[in-house]
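Working notes, beginning with the structure itself.
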Amino acid sequence: MYSGLVVESGPLKSYKLLTPNEYAPGKGVLPEGNLMLEVYTARKAAFTVVLTRTPSGDYRATQLVR
């Protein structure tokens, strides 16, 4: 899924790593400890990847928000 998204969206322009509260203040979107990766591409596409913290402390991409 992610490789197809990269081909469809074009080259990476910029990205921003956010906490759930920075992404949607006061909305309670995700539990604390998770992160949101906002991605912007050269074709003016934007999407967010939800990074969920695993019990080992690593992060895993679990959702895609367009």
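Within each chain, counting starts at residue 1; across the structure tokens, chains are named A, B, ... in the order shown, with ligands numbered 1 upward in that order.
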### Task
Could you pull out the residues in chain A that DSSP calls strand (DSSP E or B) from the backbone, as number ranges by chain?
A: 12-18, 32, 34-41, 46-53, 59-65
### Message
So that I can check the surroundings of A:Thr54, please list as an MDAnalysis selection string every protein, DNA and RNA residue that reaches within 12 Å of it, counting only C-alpha atoms and ignoring chain neighbours fewer than 4 positions away.
### Response
chainID A and resid 33:35 58:62
Grab the residues selected above and save them as a compact mmCIF listing (two decimals), in the first residue's frame with all heavy atoms.
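The resulting again36.txt:
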```txt
# COMPACT_ATOMS: atom_id res chain seq x y z
N GLY A 33 1.41 8.99 23.22
CA GLY A 33 2.44 8.01 22.92
C GLY A 33 2.48 7.68 21.44
O GLY A 33 3.48 7.19 20.94
N ASN A 34 1.39 7.95 20.73
CA ASN A 34 1.37 7.77 19.28
C ASN A 34 1.85 9.05 18.62
O ASN A 34 1.87 10.11 19.25
CB ASN A 34 -0.04 7.43 18.79
CG ASN A 34 -0.48 6.08 19.27
OD1 ASN A 34 0.30 5.15 19.33
ND2 ASN A 34 -1.74 5.97 19.63
N LEU A 35 2.22 8.97 17.35
CA LEU A 35 2.67 10.14 16.61
C LEU A 35 1.97 10.19 15.26
O LEU A 35 1.51 9.18 14.75
CB LEU A 35 4.18 10.08 16.40
CG LEU A 35 5.04 10.13 17.66
CD1 LEU A 35 6.49 9.85 17.34
CD2 LEU A 35 4.90 11.46 18.35
N ASP A 58 9.25 0.71 19.87
CA ASP A 58 9.36 1.10 18.45
C ASP A 58 8.02 1.68 18.00
O ASP A 58 7.02 1.58 18.69
CB ASP A 58 9.69 -0.12 17.58
CG ASP A 58 11.07 -0.69 17.89
OD1 ASP A 58 11.94 0.08 18.34
OD2 ASP A 58 11.26 -1.90 17.68
N TYR A 59 8.02 2.26 16.81
CA TYR A 59 6.79 2.78 16.21
C TYR A 59 6.49 2.02 14.94
O TYR A 59 7.39 1.68 14.18
CB TYR A 59 6.92 4.28 15.91
CG TYR A 59 6.90 5.12 17.15
CD1 TYR A 59 8.05 5.39 17.86
CD2 TYR A 59 5.69 5.60 17.65
CE1 TYR A 59 8.02 6.15 19.01
CE2 TYR A 59 5.65 6.36 18.81
CZ TYR A 59 6.82 6.63 19.48
OH TYR A 59 6.79 7.36 20.64
N ARG A 60 5.21 1.78 14.71
CA ARG A 60 4.77 1.05 13.52
C ARG A 60 3.70 1.88 12.81
O ARG A 60 2.80 2.41 13.46
CB ARG A 60 4.18 -0.28 13.94
CG ARG A 60 3.57 -1.05 12.78
CD ARG A 60 3.20 -2.41 13.18
NE ARG A 60 4.46 -3.15 13.28
CZ ARG A 60 4.56 -4.39 13.66
NH1 ARG A 60 3.49 -5.07 13.99
NH2 ARG A 60 5.71 -4.99 13.72
N ALA A 61 3.80 2.00 11.49
CA ALA A 61 2.78 2.68 10.70
C ALA A 61 1.53 1.82 10.73
O ALA A 61 1.56 0.67 10.29
CB ALA A 61 3.26 2.91 9.28
N THR A 62 0.42 2.37 11.24
CA THR A 62 -0.80 1.58 11.39
C THR A 62 -1.99 2.11 10.63
O THR A 62 -2.94 1.38 10.39
CB THR A 62 -1.20 1.47 12.88
OG1 THR A 62 -1.35 2.77 13.42
CG2 THR A 62 -0.15 0.69 13.66
```
#### Entry: For A:Ala42: contacts at 12 Å, only C-alpha atoms, fewer than 6 positions along chain excluded, given as a PyMOL selection string
chain A and resi 6-15
### Query
Contacts of A:Lys16 at 12 Å or less, counting only C-alpha atoms, minus same-chain residues fewer than 3 places along, as a ChimeraX atom specification?
/A:12-13,19,22-23,35-41,46-49
### Task
Using DSSP on the backbone coordinates, identify all residues within chain A classified as alpha helix (DSSP H); present the result as a ChimeraX atom specification.
/A:2-9,20-23
With N, CA and C atoms kept, could you save the residues just selected as a PDB file, in the first residue's frame?
```
ATOM      1  N   TYR A   2       1.889   1.289   0.850  1.00  0.00           N
ATOM      2  CA  TYR A   2       2.704   2.499   0.962  1.00  0.00           C
ATOM      3  C   TYR A   2       3.542   2.738  -0.288  1.00  0.00           C
ATOM      4  N   SER A   3       4.024   1.682  -0.916  1.00  0.00           N
ATOM      5  CA  SER A   3       4.820   1.886  -2.134  1.00  0.00           C
ATOM      6  C   SER A   3       3.945   2.455  -3.244  1.00  0.00           C
ATOM      7  N   GLY A   4       2.702   2.009  -3.356  1.00  0.00           N
ATOM      8  CA  GLY A   4       1.776   2.563  -4.339  1.00  0.00           C
ATOM      9  C   GLY A   4       1.461   4.006  -4.051  1.00  0.00           C
ATOM     10  N   LEU A   5       1.353   4.359  -2.791  1.00  0.00           N
ATOM     11  CA  LEU A   5       1.069   5.736  -2.395  1.00  0.00           C
ATOM     12  C   LEU A   5       2.212   6.656  -2.798  1.00  0.00           C
ATOM     13  N   VAL A   6       3.438   6.207  -2.629  1.00  0.00           N
ATOM     14  CA  VAL A   6       4.603   7.012  -2.990  1.00  0.00           C
ATOM     15  C   VAL A   6       4.629   7.247  -4.499  1.00  0.00           C
ATOM     16  N   VAL A   7       4.358   6.225  -5.285  1.00  0.00           N
ATOM     17  CA  VAL A   7       4.339   6.368  -6.740  1.00  0.00           C
ATOM     18  C   VAL A   7       3.233   7.323  -7.161  1.00  0.00           C
ATOM     19  N   GLU A   8       2.059   7.189  -6.568  1.00  0.00           N
ATOM     20  CA  GLU A   8       0.906   8.028  -6.910  1.00  0.00           C
ATOM     21  C   GLU A   8       1.104   9.483  -6.500  1.00  0.00           C
ATOM     22  N   SER A   9       1.741   9.720  -5.358  1.00  0.00           N
ATOM     23  CA  SER A   9       1.846  11.065  -4.795  1.00  0.00           C
ATOM     24  C   SER A   9       3.015  11.874  -5.319  1.00  0.00           C
ATOM     25  N   PRO A  20      -0.477  13.673  18.796  1.00  0.00           N
ATOM     26  CA  PRO A  20      -1.911  13.733  18.496  1.00  0.00           C
ATOM     27  C   PRO A  20      -2.538  15.084  18.854  1.00  0.00           C
ATOM     28  N   ASN A  21      -2.093  15.699  19.939  1.00  0.00           N
ATOM     29  CA  ASN A  21      -2.657  16.989  20.340  1.00  0.00           C
ATOM     30  C   ASN A  21      -2.229  18.115  19.391  1.00  0.00           C
ATOM     31  N   GLU A  22      -1.043  18.040  18.849  1.00  0.00           N
ATOM     32  CA  GLU A  22      -0.604  19.032  17.856  1.00  0.00           C
ATOM     33  C   GLU A  22      -1.371  18.856  16.541  1.00  0.00           C
ATOM     34  N   TYR A  23      -1.683  17.619  16.205  1.00  0.00           N
ATOM     35  CA  TYR A  23      -2.400  17.323  14.965  1.00  0.00           C
ATOM     36  C   TYR A  23      -3.855  17.792  15.026  1.00  0.00           C
TER      37      TYR A  23
END
```
### Query
Between A:Leu30, A:Leu18, A:Val65, A:Ala24, which is the closest to A:Thr52 once you count only C-alpha atoms?
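Answer, going by the shortest atom-to-atom distance: A:Leu30.
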